[in-house]
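Engineer: Would you mind keeping the following structure in view while I ask a few things?
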Amino acid sequence: MRVWMMAAAALTLAPMSGAMAQDADAGQRVFNQCRACHTINQGGRNGVGPNLYGVWDRAAGAVEGFRYSAPMRTKAGEGLAWNEANLRAYLTDPKAVVPGGSMSFAGIRNEQQLNDLLAYLQRASTAQ
């Protein structure tokens, strides 16, 4: 019985990691703070920021008709692509990934919200 209690306590106290469950529906609610500048529907317009439909695994700076900042164009020329790791870093601290870029968003600090938003972006990028 004592071993069982110790195992249960260890599992309860184990730190959460990047493997936290992702909830795309909750991520859609997190995306509401992005809607001031971005759309995410297929064929949608660009706003202050580019349309994010299909952003998952897309090359940075690739949305036709959107005028990217010079720093983002430079990063795109260096091969920046929006895979999970790069999106995670950018959405946490955009200025660290693209110094001098024009995205005014400070970043998402809540890891669960970030995980949920990533799940939503992936789902929305591949929806038909």
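In the structure tokens, chains take the letters A, B, ... in the order shown, each chain's residues start at 1, and ligands count up from 1 in the order shown.
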Could you please write out, as number ranges by chain, every residue of range 64-94 of chain A that DSSP assigns to alpha helix (DSSP H)?
Structural biologist: A: 70-77, 84-92, 94
Engineer: Okay, now the selection with all heavy atoms, as a tab-separated table (two decimals), in the first residue's frame?
Structural biologist:
chain	number	residue	atom	x	y	z
A	70	ALA	N	10.82	44.09	-43.44
A	70	ALA	CA	12.15	43.71	-43.93
A	70	ALA	C	12.77	42.61	-43.07
A	70	ALA	O	13.34	41.65	-43.62
A	70	ALA	CB	13.06	44.94	-44.01
A	71	PRO	N	12.68	42.67	-41.72
A	71	PRO	CA	13.25	41.58	-40.92
A	71	PRO	C	12.58	40.23	-41.19
A	71	PRO	O	13.26	39.21	-41.23
A	71	PRO	CB	13.03	42.04	-39.48
A	71	PRO	CG	12.96	43.53	-39.56
A	71	PRO	CD	12.27	43.81	-40.86
A	72	MET	N	11.27	40.23	-41.42
A	72	MET	CA	10.59	38.96	-41.73
A	72	MET	C	11.02	38.46	-43.11
A	72	MET	O	11.24	37.26	-43.29
A	72	MET	CB	9.07	39.12	-41.67
A	72	MET	CG	8.32	37.83	-41.95
A	72	MET	SD	8.66	36.49	-40.79
A	72	MET	CE	7.58	36.96	-39.44
A	73	ARG	N	11.18	39.35	-44.06
A	73	ARG	CA	11.65	38.94	-45.38
A	73	ARG	C	13.06	38.35	-45.29
A	73	ARG	O	13.37	37.36	-45.96
A	73	ARG	CB	11.60	40.11	-46.38
A	73	ARG	CG	10.18	40.51	-46.76
A	73	ARG	CD	10.13	41.48	-47.95
A	73	ARG	NE	10.99	42.64	-47.82
A	73	ARG	CZ	10.63	43.81	-47.29
A	73	ARG	NH1	9.41	43.97	-46.82
A	73	ARG	NH2	11.48	44.82	-47.24
A	74	THR	N	13.89	38.94	-44.44
A	74	THR	CA	15.24	38.41	-44.24
A	74	THR	C	15.18	37.01	-43.66
A	74	THR	O	15.86	36.09	-44.14
A	74	THR	CB	16.06	39.34	-43.32
A	74	THR	OG1	16.18	40.61	-43.95
A	74	THR	CG2	17.43	38.76	-43.03
A	75	LYS	N	14.37	36.83	-42.61
A	75	LYS	CA	14.23	35.49	-42.00
A	75	LYS	C	13.68	34.49	-43.00
A	75	LYS	O	14.10	33.34	-43.04
A	75	LYS	CB	13.33	35.55	-40.76
A	75	LYS	CG	13.99	36.22	-39.58
A	75	LYS	CD	15.11	35.35	-39.06
A	75	LYS	CE	15.67	35.90	-37.77
A	75	LYS	NZ	16.72	35.06	-37.22
A	76	ALA	N	12.72	34.93	-43.81
A	76	ALA	CA	12.16	34.05	-44.84
A	76	ALA	C	13.26	33.64	-45.82
A	76	ALA	O	13.35	32.46	-46.20
A	76	ALA	CB	11.02	34.75	-45.56
A	77	GLY	N	14.10	34.59	-46.21
A	77	GLY	CA	15.21	34.30	-47.11
A	77	GLY	C	16.23	33.34	-46.51
A	77	GLY	O	16.93	32.64	-47.23
A	84	GLU	N	6.22	23.37	-35.90
A	84	GLU	CA	5.78	23.50	-34.51
A	84	GLU	C	6.81	24.23	-33.63
A	84	GLU	O	6.46	25.12	-32.86
A	84	GLU	CB	5.45	22.14	-33.89
A	84	GLU	CG	4.95	22.29	-32.47
A	84	GLU	CD	4.49	21.00	-31.83
A	84	GLU	OE1	4.51	19.94	-32.48
A	84	GLU	OE2	4.08	21.05	-30.65
A	85	ALA	N	8.06	23.88	-33.76
A	85	ALA	CA	9.09	24.50	-32.91
A	85	ALA	C	9.20	26.00	-33.18
A	85	ALA	O	9.28	26.80	-32.24
A	85	ALA	CB	10.43	23.82	-33.14
A	86	ASN	N	9.19	26.40	-34.45
A	86	ASN	CA	9.32	27.82	-34.78
A	86	ASN	C	8.06	28.60	-34.40
A	86	ASN	O	8.16	29.74	-33.93
A	86	ASN	CB	9.65	28.00	-36.26
A	86	ASN	CG	11.05	27.55	-36.58
A	86	ASN	OD1	11.93	27.53	-35.71
A	86	ASN	ND2	11.29	27.17	-37.81
A	87	LEU	N	6.89	28.01	-34.61
A	87	LEU	CA	5.66	28.67	-34.19
A	87	LEU	C	5.63	28.83	-32.67
A	87	LEU	O	5.26	29.88	-32.16
A	87	LEU	CB	4.43	27.89	-34.65
A	87	LEU	CG	4.03	28.11	-36.10
A	87	LEU	CD1	3.01	27.06	-36.53
A	87	LEU	CD2	3.48	29.51	-36.31
A	88	ARG	N	6.04	27.80	-31.96
A	88	ARG	CA	6.06	27.86	-30.49
A	88	ARG	C	6.98	29.00	-30.03
A	88	ARG	O	6.61	29.81	-29.18
A	88	ARG	CB	6.53	26.52	-29.93
A	88	ARG	CG	6.60	26.47	-28.40
A	88	ARG	CD	6.94	25.07	-27.90
A	88	ARG	NE	5.93	24.10	-28.24
A	88	ARG	CZ	4.79	23.94	-27.57
A	88	ARG	NH1	4.53	24.67	-26.51
A	88	ARG	NH2	3.91	23.04	-27.94
A	89	ALA	N	8.16	29.07	-30.60
A	89	ALA	CA	9.10	30.13	-30.22
A	89	ALA	C	8.55	31.50	-30.59
A	89	ALA	O	8.62	32.44	-29.79
A	89	ALA	CB	10.45	29.89	-30.89
A	90	TYR	N	8.00	31.63	-31.79
A	90	TYR	CA	7.52	32.93	-32.27
A	90	TYR	C	6.31	33.40	-31.46
A	90	TYR	O	6.22	34.57	-31.09
A	90	TYR	CB	7.16	32.83	-33.75
A	90	TYR	CG	6.82	34.15	-34.38
A	90	TYR	CD1	7.80	35.12	-34.60
A	90	TYR	CD2	5.53	34.44	-34.80
A	90	TYR	CE1	7.50	36.33	-35.19
A	90	TYR	CE2	5.22	35.65	-35.39
A	90	TYR	CZ	6.21	36.59	-35.59
A	90	TYR	OH	5.91	37.79	-36.18
A	91	LEU	N	5.39	32.49	-31.17
A	91	LEU	CA	4.20	32.88	-30.42
A	91	LEU	C	4.51	33.16	-28.95
A	91	LEU	O	3.75	33.84	-28.28
A	91	LEU	CB	3.11	31.81	-30.55
A	91	LEU	CG	2.54	31.69	-31.96
A	91	LEU	CD1	1.63	30.47	-32.06
A	91	LEU	CD2	1.81	32.96	-32.37
A	92	THR	N	5.62	32.65	-28.47
A	92	THR	CA	6.06	32.94	-27.10
A	92	THR	C	6.74	34.30	-27.03
A	92	THR	O	6.50	35.08	-26.11
A	92	THR	CB	7.02	31.84	-26.61
A	92	THR	OG1	6.32	30.59	-26.62
A	92	THR	CG2	7.50	32.13	-25.19
A	94	PRO	N	7.72	36.90	-30.18
A	94	PRO	CA	7.96	37.22	-31.60
A	94	PRO	C	9.25	37.99	-31.86
A	94	PRO	O	9.94	37.73	-32.85
A	94	PRO	CB	6.74	38.06	-31.99
A	94	PRO	CG	5.69	37.69	-31.01
A	94	PRO	CD	6.41	37.37	-29.73
Engineer: Quick one: of A:Ala60, A:Gly27, A:Ala21, A:Gly79, who's nearest to Leu114 in chain A, counting only C-alpha atoms?
Structural biologist: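 Closest candidate: A:Gly27.
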Engineer: Excluding range 43-57 of chain A and its own-chain neighbours fewer than 6 positions away, which residues fall within 12 Å of it when counting only C-alpha atoms? Please give them as a PyMOL selection string.
Structural biologist: chain A and resi 31+34-37+63-69+72+79-88+101-105+117-128
Engineer: Please indicate the distance in Å from CA of Gln42 in chain A to CA of Asn115 in chain A, rounded to one decimal place.
Structural biologist: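 Pair CA of Gln42 in chain A / CA of Asn115 in chain A returns 22.3 Å.
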Engineer: What's the separation between CA of Asp23 in chain A and CA of Asp116 in chain A, in Å to one decimal place?
Structural biologist: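 Between these atoms lies a distance of 4.8 Å.
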Engineer: What gap, in Å, lies between CA of Lys95 in chain A and CA of Glu78 in chain A?
Structural biologist: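 Value for the CA of Lys95 in chain A-CA of Glu78 in chain A distance: 16.5 Å.
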